[in-house]
2 protein chains.
Amino acid sequence: MTEFQKYILHEQVRPLFSEMRVGLEKESQRVTLAGDLAKTDHPAALGNRQYHASIQTDFSETQMELITPVASSEKEVMNYLAALHEVSLRSMNPEEMLWPMSMPPQLPEDEGAIQIAKLDRFEEVLYRRYLAKSYGKRKQMVSGIHYNFEFSREFMQKLFEHQPLFTTMDELRTAVYMTVTRNFLRYRWFLTYLFGASPVAEKGYFEEDEIVPSKPVRSIRNSEYGYRNHKGVTVSYASIEAYVAGIKRLVELGILSEEKEFYAPIRLRGGKKVADLKQMGVHYIEVRNLDIDPFAPYGIKEETVRFIQLFMMYLLWVGNEQIPTELLVETGEQLNNQVALEDPETITSMQKEGLRLIKEIRIMAQELNLSDADLTLISQAEEKLYQPEKTLSAQMIAYQKKGLSNRALGVQQGRAFKEKAYEKPYQLAGFKQMELSTQILLFDAMQKGLEVTVLDEQDQFIKLKQQQHVEYVKNANMTSQDTYITPLIMENKTVTKKILAAAGFQVPAGKEYQTVQAAEQAYDYFKAKGIVIKPKSTNYGIGISIFKEGVSKEDYLTGVRLALKEDQTILIEEYLTGTEYRFFVLDNQVKAILLRIPANVQGDGKHTIRELVIAKNQDSLRGTNHRAPLEKIELGEVEELMLKEQGYTWESIPKAKEIVYLRENSNISTGGDSLDVTDEFDDSYKQIAVEAVQVLGAKICGIDLIIPDKEIPATKNSEQYGIIEANFNPAMHMHVYPFAGQGRRLTKDVLHLLYPEIG
Amino acid sequence: MTEFQKYILHEQVRPLFSEMRVGLEKESQRVTLAGDLAKTDHPAALGNRQYHASIQTDFSETQMELITPVASSEKEVMNYLAALHEVSLRSMNPEEMLWPMSMPPQLPEDEGAIQIAKLDRFEEVLYRRYLAKSYGKRKQMVSGIHYNFEFSREFMQKLFEHQPLFTTMDELRTAVYMTVTRNFLRYRWFLTYLFGASPVAEKGYFEEDEIVPSKPVRSIRNSEYGYRNHKGVTVSYASIEAYVAGIKRLVELGILSEEKEFYAPIRLRGGKKVADLKQMGVHYIEVRNLDIDPFAPYGIKEETVRFIQLFMMYLLWVGNEQIPTELLVETGEQLNNQVALEDPETITSMQKEGLRLIKEIRIMAQELNLSDADLTLISQAEEKLYQPEKTLSAQMIAYQKKGLSNRALGVQQGRAFKEKAYEKPYQLAGFKQMELSTQILLFDAMQKGLEVTVLDEQDQFIKLKQQQHVEYVKNANMTSQDTYITPLIMENKTVTKKILAAAGFQVPAGKEYQTVQAAEQAYDYFKAKGIVIKPKSTNYGIGISIFKEGVSKEDYLTGVRLALKEDQTILIEEYLTGTEYRFFVLDNQVKAILLRIPANVQGDGKHTIRELVIAKNQDSLRGTNHRAPLEKIELGEVEELMLKEQGYTWESIPKAKEIVYLRENSNISTGGDSLDVTDEFDDSYKQIAVEAVQVLGAKICGIDLIIPDKEIPATKNSEQYGIIEANFNPAMHMHVYPFAGQGRRLTKDVLHLLYPEIG
């Protein structure tokens with residue numbers, strides 16, 4: 001048992017060991033749909049790179065770098081990476097995509113055509129110019145994935161409490177990560193074998209006079225032909241002090257221009273600068289040797305992220321080998337180069353050591369009582385040691401053998417991934433469990449460079465961060481910009497009405513009753529009117545009776561009794577005639593006006609209603625269970641009854657242009673259409689909506705007006721409108737993606753309200 | 001059928017006719033408990049009279065005037081008047097009370113000892129000095145009730161729509177109120193008969209040389225001996241123009257010093273000054289002839305308010321008599337004086353006319369389909385015409401005949417009303433249906449001079465108003481001062497914990513699981529700890545298992561399964577040991593700290609537990625159903641079981657000073673005690689509470705800390721505390737009226753937060 005194992009196996013420590021914190025950085029080249037390097041600038045939609053938390057450019061203007069925050073599971077980090085991909089792809093020129101491989105696409109013959117990233121900070125441009133000069137631009141165009149890794153803080157805390165070797169947490173932490181790092185350097189060939197995915201280079205990558213691999217290999221990038229420091233750039237991993245001093249010396253001697261020019265396959269991290277490591281200890285490590293997986297839409301598979309976690313755990317678990325560090329590192333370097341340059345389709349020369357690693361990892365997994373899924377991952381890696389054709393590099397070569405060139409494979413995969421990102425533009429990969437409005441807001445926030453965190457998925461609770469400015473948002477528009485009392489006012493229809501009426505707005509005249517007798521006395525008053533009888537506080541249509549044009553005493557009393565079953569107090573309200581419009585008001589402006597109309601189809605004189613419904617449901621904006629901005633029209637009983645009342649069946653063929661309604665209610669959730677009519681409205685109505693929302697004190701509000709004739713301008717005191725409801729959490733997706741009319745990106749308005757500083 | 005009747009009977013008008021708007025102004029003299037005029041100033045607790053919406057002083061410093069807002073029912077106006085009485089009485093010197101009669105208490109022999117109200121505005125003092133000089137101070141000491149009355153706006157609107165006589169609403173309104181006013185002047189003797197309640201004057205009220213009634217009468221105040229203008233001060237009621245011109249002339253001639261010196265029994269109101277009436281029309285009328293009812297705690301009974309409404313309706317219903325206005329008014333004046341000076345115990349000379357009025361009012365009520373309660377009121381008035389001993393003045397005289405002097409009756413009634421106001425100081429008459437915290441807040445708001453409106457009683461929704469500054473408050477501390485997102489953060493325990501933990505605060509370490517299997521894997525980690533297993537989102541103790549010291553695997557899994565029944569995600573949290581304290585934080589300050597301890601009794605070596613419980617429950621702070629700050633301890637099964645576990649029965653006699661607990665949980669709702677311990681805490685804990693609340697962004701928050709030992713100062717990073725919950729609507733009444741320790745008037749802090757301008 002190694003020194004760490006027995007402490008890790010302590011029952012208070014063990015369950016925490018597999019908890020990890022991981023962040024990914026993934027570079028890729030922006031290319032045309034034909035697979036040529038893009039000539040355009042970094043997408044303007046992504047705002048200023050200088051302040052962007054997660055979408056940057058690395059060496060060249062075309063080399064996008066997607067950076068996730070630290071996550072606590074492989075699922076979480078992949079969700080973020082997926083979302084960053086969709087944001088990037090949808091923010092680009094539609095004729096561009098991301099190159100799905102580590103090795104760059106075919107580069108322009110003229111190296112000058114490779115554009116260094118156009119960054120604001122001049123020192124960053126200078127550094128890139130130095131790199132171009134020192135290594136050549138072509139070498140800098142290689143992309144990869146960096147895997148930032150740490151053990152959970154709770155694990156480190158418990159490990160510290162249950163071990164006798166280290167007296168401070170810093171000492172323990174440094175020891176842990178030094179062990180992992182040394183072992184990583186020794187065994188990294190294993191990752192190169194499993195995940196190496198740069199078998200060939202496109203023409204023009206290597207210089208004419210360069211010595212190059214003569215046939216496909218497992219990983220050019222991880223081999224001596226890859227992108228690495230000049231010969232002789234080495235540091236010691238014997239101790240943190242030696243590591244820090246080594247890098248310092250290289251910089252002082254001018255061998256490296258800056259610390260970050262040190263391209264080790266693994267870096268020790270903690271603090272801002274390498275020198276901070278001595279004071280602060282190592283806090284995490286950065287694994288840099290991962291090639292981009294061309295078969296994974298986001299460059300790496302979730303299982304790979306998890307397997308590397310297991311591998312990192314093992315590197316601690318196995319403890320320190322009793323050989324000098326220098327020898328260990330040198331051996332590792334050699335073995336890695338050797339494996340990297342092997343023929344992808346052959347059994348590796350390191351198979352035996354590989355099988356030992358698998359065996360030991362499996363034992364560790366069993367001792368830790370890890371899940372079946374983890375054990376499966378281990379078995380799959382084992383399989384690859386026996387079946388090299390299952391490795392990524394071999395799969396890539398297999399395509400070539402089938403006649404698909406490396407470039408064609410890149411184009412094929414890149415296009416597929418791009419199309420996937422465009423399929424449902426209202427959804428955001430990685431966050432699809434959330435409500436549409438939240439997905440759209442997250443998209444916009446990420447696009448603008450904010451860091452986003454889901455605090456509670458089910459509850460639609462997110463955190464946004466830009467520099468030091470934190471905002472919490474629930475359900476996409478419940479924010480710090482509104483006061484606590486405002487939604488409470490809107491939640492209570494009586495209070496809302498009282499406040500609006502007191503301020504002179506038109507609301508349905510209504511009266512409250514507590515008894516059937518009291519309501520009965522008022523029958524004469526109501527009998528000839530259109531009225532709504534409803535319980536005062538319930539909200540879901542229960543106990544509501546609507547009589548649009550007069551009511552018999554019997555029906556009236558039945559309505560009263562029904563409502564009184566639901567609440568002690570009932571409201572009898574005037575029924576307003578006219579069309580209902582939703583005004584979305586934000587920061588004293590009407591940002592959108594929506595008309596909702598019941599589920600319907602338009603005839604063409606040829607197709608049956610059934611066919612028309614099926615055709616209408618094809619629209620990609622229509623889905624089910626609120627996963628799309630519009631819902632599919634159902635072929636159900638309610639719809640059938642509605643048709644019957646109009647003298648139709650599913651098989652009737654409506655005349656051309658005839659509109660046939662399938663529902664009475666206009667809810668989007670039952671297949672209704674949403675129509676943006678913002679520009680069709682007179683300012684007078686917008687003014688009323690804005691003022692009413694001001695009276696309620698709201699910054700964000702969806703206010704519903706009944707308007708008999710929108711062509712006649714309204715005044716506050718006129719009967720040209722009536723306010724029937726104010727919503728404190730109005731849906732936004734239906735405005736962003738309406739059935740007809742212009743989409744209104746309200747989520748951007750919400751962001752602007754929260755972050756005026758990002759413009 | 002009179003001119004108005006047929007339009008009132010229109011089915012759209014009729015149901016609205018009995019809707020009225022009424023406001024009351026009630027004066028009374030502040031006196032000692034012995035019934036002598038108070039020598040103290042207006043209570044300081046009531047703040048500056050100049051800005052007080054509802055508690056003012058009339059002529060003298062001792063003459064309090066309580067002013068209700070306009071209400072839409074007799075119940076509503078009486079609720080407000082009741083509350084104003086309690087606020088006034090509880091704000092006074094405890095040795096004072098309000099004199100319950102119109103005629104003043106015995107006045108000091110030296111008129112100079114009657115202190116003119118000490119108002120800020122010098123012109124108001126000057127006016128009172130003029131009155132003192134012109135009428136004598138003693139006459140100014142009479143008090144009464146003014147009844148401000150209008151028909152509902154909706155009624156006026158519908159009446160206007162369904163009548164052909166008037167072309168503008170102003171014309172109609174003026175005609176309506178002129179009709180009511182003229183008829184009032186003619187028939188007001190009827191109110192003097194029914195509600196006159198000033199049969200005698202105390203010694204010293206009349207001058208020695210004055211001609212005074214030789215025996216008790218119905219109403220000195222309404223008679224020629226009452227407080228009225230000098231002879232010859234009359235105006236015409238023939239038209240609004242004549243009325244306005246008449247008052248203007250009296251002022252111009254210097255017969256009246258100002259318009260408001262015109263002491264008619266009824267005044268036409270609208271606009272700020274009498275002259276405005278011509279432009280604006282009459283908007284309401286002020287009935288000024290009501291004596292204070294010494295048998296009503298608030299000076300007038302609710303039934304009286306309603307009966308006067310019916311009388312006012314009748315005065316319109318009956319229409320204009322075909323005799324000249326001057327004659328009508330003169331007749332009315334004569335009849336009123338005649339009735340006012342009658343022997344209270346005799347049948348009135350006007351009985352016949354009274355019976356005619358009753359008959360006609362009853363017919364009106366029937367035609368309007370008014371309620372049985374209204375018909376009963378009419379019958380009761382009828383009875384008084386036959387049985388004069390039922391009138392107020394006769395009842396007062398009856399006491400004198402039984403040997404209780406008028407002064408003694410005043411002292412008896414005044415004391416009884418005062419004691420009633422002090423009985424449950426945590427409640428507020430008129431608003432007892434609301435939660436205690438809201439009642440206390442309403443009390444403080446009224447005391448400070450704010451106008452309060454209940455927008456929704458069930459929903460604890462109120463509106464506060466001071467000058468133009470409006471605030472809405474729900475549940476006593478949900479206000480505009482907090483942002484919308486803050487309570488949403490607190491509502492979600494996971495989010496709260498994440499935010500607090502990220503900011504470095506101690507929260508119970510916990511993990512989330514979605515499956516039994518996942519939780520099972522972590523069993524080793526939890527088995528030796530104190531843990532709480534709970535559903536992530538439910539809030540009412542359902543599905544929660546607590547294991548204070550370790551747990552068997554079987555119990556652990558049972559707990560996990562129970563919690564998973566309630567939610568998709570469960571939390572397993574560290575169980576913190578220590579004592580739970582509620583910190584109430586407002587505006588970055590800890591305003592109160594409360595310790596709650598389970599229901600208990602303290603032994604005395606003599607009484608049984610049953611007796612001790614019964615004795616403890618006598619405390620007026622204890623009640624049932626949250627109607628008091630503490631709940632009575634139940635003699636129930638749970639308590640019995642708890643006793644049994646300790647080896648006790650209800651009949652056991654605990655030793656002296658022994659504490660016997662009757663409940664495990666410390667909830668106030670199950671009889672627990674609340675102890676204010678604010679001053680026992682170190683600043684270090686207060687600092688932590690304040691900072692944690694800041695991180696959550698809250699202005700008002702009840703934050704619960706578990707503290708193992710409060711004597712040891714804490715730091716943010718120490719384990720000396722753990723934050724277990726933050727409440728966005730923390731109860732306040734338990735701090736205001738704790739079982740032990742100092743009460744903290746948090747409601748005042750809330751008010752100050754909302755209205756810093758009132759100091």
# chains A, B, ... in the order shown; residues from 1 in each chain; ligands from 1
call {"tool": "interface_residues", "arguments": {"of": "chain B", "to": "chain A", "cutoff": "8 Å", "atoms": "only C-alpha atoms", "output": "PDB file with N, CA and C atoms, in the first residue's frame"}}
result
ATOM      1  N   GLU B  11     -82.463  49.484 -13.215  1.00  0.00           N
ATOM      2  CA  GLU B  11     -81.763  48.284 -12.704  1.00  0.00           C
ATOM      3  C   GLU B  11     -80.243  48.417 -12.697  1.00  0.00           C
ATOM      4  N   GLN B  12     -79.717  49.317 -13.500  1.00  0.00           N
ATOM      5  CA  GLN B  12     -78.270  49.536 -13.503  1.00  0.00           C
ATOM      6  C   GLN B  12     -77.839  50.486 -12.381  1.00  0.00           C
ATOM      7  N   VAL B  13     -78.806  51.205 -11.828  1.00  0.00           N
ATOM      8  CA  VAL B  13     -78.500  52.224 -10.812  1.00  0.00           C
ATOM      9  C   VAL B  13     -78.805  51.688  -9.412  1.00  0.00           C
ATOM     10  N   ARG B  14     -79.939  51.038  -9.298  1.00  0.00           N
ATOM     11  CA  ARG B  14     -80.467  50.610  -7.997  1.00  0.00           C
ATOM     12  C   ARG B  14     -79.455  49.859  -7.128  1.00  0.00           C
ATOM     13  N   PRO B  15     -78.754  48.842  -7.674  1.00  0.00           N
ATOM     14  CA  PRO B  15     -77.857  48.083  -6.776  1.00  0.00           C
ATOM     15  C   PRO B  15     -76.697  48.930  -6.260  1.00  0.00           C
ATOM     16  N   ASN B 369     -84.686  46.625  -2.237  1.00  0.00           N
ATOM     17  CA  ASN B 369     -84.322  45.249  -1.895  1.00  0.00           C
ATOM     18  C   ASN B 369     -83.136  45.235  -0.915  1.00  0.00           C
ATOM     19  N   LEU B 455     -55.296  46.726   1.510  1.00  0.00           N
ATOM     20  CA  LEU B 455     -55.655  46.413   0.128  1.00  0.00           C
ATOM     21  C   LEU B 455     -56.220  45.011   0.026  1.00  0.00           C
ATOM     22  N   ASP B 456     -55.721  44.120   0.864  1.00  0.00           N
ATOM     23  CA  ASP B 456     -56.231  42.757   0.874  1.00  0.00           C
ATOM     24  C   ASP B 456     -55.969  42.156   2.249  1.00  0.00           C
ATOM     25  N   PHE B 461     -52.005  42.524   2.840  1.00  0.00           N
ATOM     26  CA  PHE B 461     -51.449  43.514   1.908  1.00  0.00           C
ATOM     27  C   PHE B 461     -51.932  44.908   2.292  1.00  0.00           C
ATOM     28  N   TYR B 472     -46.100  50.039  -0.393  1.00  0.00           N
ATOM     29  CA  TYR B 472     -46.950  48.869  -0.236  1.00  0.00           C
ATOM     30  C   TYR B 472     -46.191  47.856   0.610  1.00  0.00           C
ATOM     31  N   VAL B 473     -46.884  47.196   1.510  1.00  0.00           N
ATOM     32  CA  VAL B 473     -46.247  46.228   2.393  1.00  0.00           C
ATOM     33  C   VAL B 473     -47.115  44.980   2.471  1.00  0.00           C
ATOM     34  N   LYS B 474     -46.473  43.843   2.348  1.00  0.00           N
ATOM     35  CA  LYS B 474     -47.191  42.576   2.530  1.00  0.00           C
ATOM     36  C   LYS B 474     -46.557  41.847   3.702  1.00  0.00           C
ATOM     37  N   MET B 478     -42.471  42.585   3.865  1.00  0.00           N
ATOM     38  CA  MET B 478     -42.133  42.373   2.460  1.00  0.00           C
ATOM     39  C   MET B 478     -42.386  43.725   1.778  1.00  0.00           C
ATOM     40  N   THR B 479     -41.313  44.382   1.383  1.00  0.00           N
ATOM     41  CA  THR B 479     -41.439  45.779   0.963  1.00  0.00           C
ATOM     42  C   THR B 479     -40.641  46.091  -0.302  1.00  0.00           C
ATOM     43  N   SER B 480     -40.703  47.324  -0.682  1.00  0.00           N
ATOM     44  CA  SER B 480     -39.940  47.798  -1.839  1.00  0.00           C
ATOM     45  C   SER B 480     -38.450  47.905  -1.522  1.00  0.00           C
ATOM     46  N   GLN B 481     -38.090  47.758  -0.263  1.00  0.00           N
ATOM     47  CA  GLN B 481     -36.689  47.930   0.110  1.00  0.00           C
ATOM     48  C   GLN B 481     -35.850  46.708  -0.256  1.00  0.00           C
ATOM     49  N   ASP B 482     -36.503  45.577  -0.414  1.00  0.00           N
ATOM     50  CA  ASP B 482     -35.756  44.409  -0.876  1.00  0.00           C
ATOM     51  C   ASP B 482     -35.945  44.221  -2.368  1.00  0.00           C
ATOM     52  N   THR B 483     -34.967  43.566  -2.978  1.00  0.00           N
ATOM     53  CA  THR B 483     -35.110  43.323  -4.410  1.00  0.00           C
ATOM     54  C   THR B 483     -35.832  41.996  -4.617  1.00  0.00           C
ATOM     55  N   TYR B 484     -36.343  41.850  -5.790  1.00  0.00           N
ATOM     56  CA  TYR B 484     -37.124  40.672  -6.158  1.00  0.00           C
ATOM     57  C   TYR B 484     -36.314  39.383  -6.001  1.00  0.00           C
ATOM     58  N   ILE B 485     -35.057  39.441  -6.354  1.00  0.00           N
ATOM     59  CA  ILE B 485     -34.291  38.198  -6.395  1.00  0.00           C
ATOM     60  C   ILE B 485     -33.928  37.714  -4.997  1.00  0.00           C
ATOM     61  N   THR B 486     -33.819  38.618  -4.052  1.00  0.00           N
ATOM     62  CA  THR B 486     -33.373  38.241  -2.712  1.00  0.00           C
ATOM     63  C   THR B 486     -34.272  37.191  -2.041  1.00  0.00           C
ATOM     64  N   PRO B 487     -35.571  37.405  -1.983  1.00  0.00           N
ATOM     65  CA  PRO B 487     -36.393  36.358  -1.380  1.00  0.00           C
ATOM     66  C   PRO B 487     -36.361  35.060  -2.179  1.00  0.00           C
ATOM     67  N   LEU B 488     -36.174  35.184  -3.483  1.00  0.00           N
ATOM     68  CA  LEU B 488     -36.109  33.959  -4.288  1.00  0.00           C
ATOM     69  C   LEU B 488     -34.855  33.170  -3.931  1.00  0.00           C
ATOM     70  N   THR B 494     -30.781  25.482  -1.361  1.00  0.00           N
ATOM     71  CA  THR B 494     -29.541  25.122  -2.041  1.00  0.00           C
ATOM     72  C   THR B 494     -28.824  26.375  -2.538  1.00  0.00           C
ATOM     73  N   VAL B 495     -29.574  27.230  -3.156  1.00  0.00           N
ATOM     74  CA  VAL B 495     -28.990  28.452  -3.689  1.00  0.00           C
ATOM     75  C   VAL B 495     -28.428  29.300  -2.549  1.00  0.00           C
ATOM     76  N   LYS B 498     -25.229  27.776  -1.367  1.00  0.00           N
ATOM     77  CA  LYS B 498     -24.146  27.948  -2.341  1.00  0.00           C
ATOM     78  C   LYS B 498     -23.586  29.369  -2.267  1.00  0.00           C
ATOM     79  N   GLN B 521     -23.694   4.770  -1.670  1.00  0.00           N
ATOM     80  CA  GLN B 521     -22.236   4.798  -1.809  1.00  0.00           C
ATOM     81  C   GLN B 521     -21.576   5.720  -0.807  1.00  0.00           C
ATOM     82  N   ALA B 522     -22.331   6.738  -0.381  1.00  0.00           N
ATOM     83  CA  ALA B 522     -21.741   7.729   0.517  1.00  0.00           C
ATOM     84  C   ALA B 522     -21.996   7.393   1.988  1.00  0.00           C
ATOM     85  N   ASP B 524     -20.684   5.399   4.161  1.00  0.00           N
ATOM     86  CA  ASP B 524     -19.522   5.391   5.056  1.00  0.00           C
ATOM     87  C   ASP B 524     -19.142   6.795   5.508  1.00  0.00           C
ATOM     88  N   TYR B 525     -19.297   7.689   4.565  1.00  0.00           N
ATOM     89  CA  TYR B 525     -18.911   9.064   4.861  1.00  0.00           C
ATOM     90  C   TYR B 525     -19.798   9.652   5.952  1.00  0.00           C
ATOM     91  N   PHE B 526     -21.055   9.284   5.911  1.00  0.00           N
ATOM     92  CA  PHE B 526     -22.011   9.912   6.819  1.00  0.00           C
ATOM     93  C   PHE B 526     -22.262   9.125   8.101  1.00  0.00           C
TER      94      PHE B 526
END
call {"tool": "select_by_dssp", "arguments": {"residues": "range 165-274 of chain B", "states": "strand (DSSP E)", "output": "MDAnalysis selection string"}}
result
chainID B and resid 266:269
call {"tool": "write_last_selection", "arguments": {"atoms": "C-alpha atoms", "output": "compact mmCIF listing (two decimals), in the first residue's frame"}}
result
# COMPACT_ATOMS: atom_id res chain seq x y z
CA ILE B 266 -74.32 70.36 7.52
CA ARG B 267 -71.75 71.69 5.09
CA LEU B 268 -71.41 71.34 1.35
CA ARG B 269 -67.94 70.18 0.41
call {"tool": "residues_around", "arguments": {"residues": "range 207-221 of chain B", "least_positions_apart": "2", "cutoff": "8 Å", "atoms": "only C-alpha atoms", "output": "list in words"}}
result
Ser102, Met103, Val142, Thr192, Tyr193, Gly196, Ala197, Ser198, Pro199, Val200, Ala201, Gly204, Tyr205, Ser223, Glu224, Tyr225, Gly226, Tyr227, Asp291, Val339, Ala340, Leu341, Glu342, Asp343, Pro344, Ser393, Ala394 and Ile397 of chain B
call {"tool": "write_last_selection", "arguments": {"atoms": "N, CA and C atoms", "output": "short mmCIF file (atom, residue, chain, number, x, y, z; two decimals), in the first residue's frame"}}
result
data_model
loop_
_atom_site.label_atom_id
_atom_site.label_comp_id
_atom_site.auth_asym_id
_atom_site.auth_seq_id
_atom_site.Cartn_x
_atom_site.Cartn_y
_atom_site.Cartn_z
N SER B 102 -70.02 64.25 24.52
CA SER B 102 -69.88 65.50 23.76
C SER B 102 -69.67 66.69 24.69
N MET B 103 -70.49 66.75 25.73
CA MET B 103 -70.32 67.86 26.67
C MET B 103 -69.01 67.62 27.42
N VAL B 142 -66.76 71.70 23.59
CA VAL B 142 -67.74 70.67 23.23
C VAL B 142 -67.16 69.82 22.09
N THR B 192 -81.33 64.19 15.90
CA THR B 192 -81.19 64.75 17.25
C THR B 192 -82.00 63.91 18.25
N TYR B 193 -83.19 63.51 17.80
CA TYR B 193 -84.02 62.68 18.68
C TYR B 193 -83.34 61.33 18.94
N GLY B 196 -79.19 62.19 19.90
CA GLY B 196 -78.79 63.26 20.81
C GLY B 196 -78.28 62.63 22.11
N ALA B 197 -77.15 63.11 22.64
CA ALA B 197 -76.56 62.47 23.82
C ALA B 197 -75.81 63.51 24.64
N SER B 198 -76.42 64.68 24.75
CA SER B 198 -75.80 65.69 25.62
C SER B 198 -76.89 66.32 26.48
N PRO B 199 -77.44 65.53 27.41
CA PRO B 199 -78.60 66.00 28.17
C PRO B 199 -78.25 67.07 29.22
N VAL B 200 -77.05 66.98 29.77
CA VAL B 200 -76.69 67.92 30.83
C VAL B 200 -75.27 68.44 30.61
N ALA B 201 -74.97 69.55 31.27
CA ALA B 201 -73.61 70.08 31.22
C ALA B 201 -73.01 69.96 32.61
N GLY B 204 -69.77 74.61 35.55
CA GLY B 204 -68.68 75.43 35.03
C GLY B 204 -68.67 75.54 33.52
N TYR B 205 -69.58 74.79 32.88
CA TYR B 205 -69.61 74.90 31.41
C TYR B 205 -70.30 76.20 31.02
N SER B 223 -78.94 72.12 20.51
CA SER B 223 -79.98 73.11 20.80
C SER B 223 -79.42 74.52 20.68
N GLU B 224 -80.29 75.48 20.96
CA GLU B 224 -79.85 76.88 20.92
C GLU B 224 -78.79 77.17 21.97
N TYR B 225 -78.65 76.26 22.98
CA TYR B 225 -77.63 76.45 24.01
C TYR B 225 -76.28 75.85 23.59
N GLY B 226 -76.28 75.23 22.47
CA GLY B 226 -75.06 74.54 22.03
C GLY B 226 -74.05 75.50 21.42
N TYR B 227 -73.07 74.90 20.91
CA TYR B 227 -71.97 75.64 20.32
C TYR B 227 -72.36 75.98 18.89
N ASP B 291 -73.88 63.84 18.28
CA ASP B 291 -73.29 63.82 19.62
C ASP B 291 -72.49 62.53 19.80
N VAL B 339 -87.04 69.67 19.52
CA VAL B 339 -86.77 68.27 19.90
C VAL B 339 -85.55 68.19 20.81
N ALA B 340 -84.52 68.99 20.49
CA ALA B 340 -83.28 68.96 21.27
C ALA B 340 -83.57 69.31 22.73
N LEU B 341 -84.54 70.19 22.94
CA LEU B 341 -84.79 70.67 24.31
C LEU B 341 -85.89 69.90 25.03
N GLU B 342 -86.39 68.86 24.38
CA GLU B 342 -87.43 68.05 25.03
C GLU B 342 -86.83 67.25 26.18
N ASP B 343 -87.72 66.88 27.09
CA ASP B 343 -87.35 65.96 28.17
C ASP B 343 -87.01 64.62 27.52
N PRO B 344 -85.82 64.11 27.75
CA PRO B 344 -85.40 62.88 27.05
C PRO B 344 -86.35 61.71 27.26
N SER B 393 -80.03 59.87 25.10
CA SER B 393 -80.13 60.87 26.17
C SER B 393 -80.94 60.31 27.34
N ALA B 394 -81.99 59.57 27.02
CA ALA B 394 -82.81 59.00 28.10
C ALA B 394 -82.01 57.96 28.88
N ILE B 397 -79.77 59.74 31.30
CA ILE B 397 -80.53 60.26 32.43
C ILE B 397 -80.90 59.13 33.39
#
call {"tool": "closest_residue", "arguments": {"among": "A:Glu86, A:Glu76, A:Asp36, A:Glu664", "to": "Glu202 in chain A", "atoms": "only C-alpha atoms"}}
result
A:Asp36
call {"tool": "residues_around", "arguments": {"residues": "Gly530 in chain B", "least_positions_apart": "5", "cutoff": "10 Å", "atoms": "only C-alpha atoms", "output": "list in words"}}
result
Ile546, Phe547, Lys548, Glu549, Gly550, Val551, Glu573, Glu574, Tyr575, Leu576 and Thr577 of chain B
call {"tool": "write_last_selection", "arguments": {"atoms": "C-alpha atoms", "output": "mmCIF file, in the first residue's frame"}}
result
data_model
loop_
_atom_site.group_PDB
_atom_site.id
_atom_site.type_symbol
_atom_site.label_atom_id
_atom_site.label_comp_id
_atom_site.auth_asym_id
_atom_site.auth_seq_id
_atom_site.Cartn_x
_atom_site.Cartn_y
_atom_site.Cartn_z
ATOM 1 C CA ILE B 546 -32.611 13.684 11.574
ATOM 2 C CA PHE B 547 -29.915 11.450 13.041
ATOM 3 C CA LYS B 548 -28.103 13.399 15.696
ATOM 4 C CA GLU B 549 -25.319 10.909 16.393
ATOM 5 C CA GLY B 550 -24.509 8.378 13.704
ATOM 6 C CA VAL B 551 -26.944 6.182 11.833
ATOM 7 C CA GLU B 573 -26.466 17.583 5.426
ATOM 8 C CA GLU B 574 -24.262 17.686 8.428
ATOM 9 C CA TYR B 575 -26.297 18.090 11.612
ATOM 10 C CA LEU B 576 -24.844 21.028 13.488
ATOM 11 C CA THR B 577 -24.808 20.765 17.233
#
call {"tool": "residues_around", "arguments": {"residues": "Gln506 in chain A", "least_positions_apart": "6", "cutoff": "10 Å", "atoms": "only C-alpha atoms", "output": "ChimeraX atom specification"}}
result
/A:497,500,688,692,705,715-724
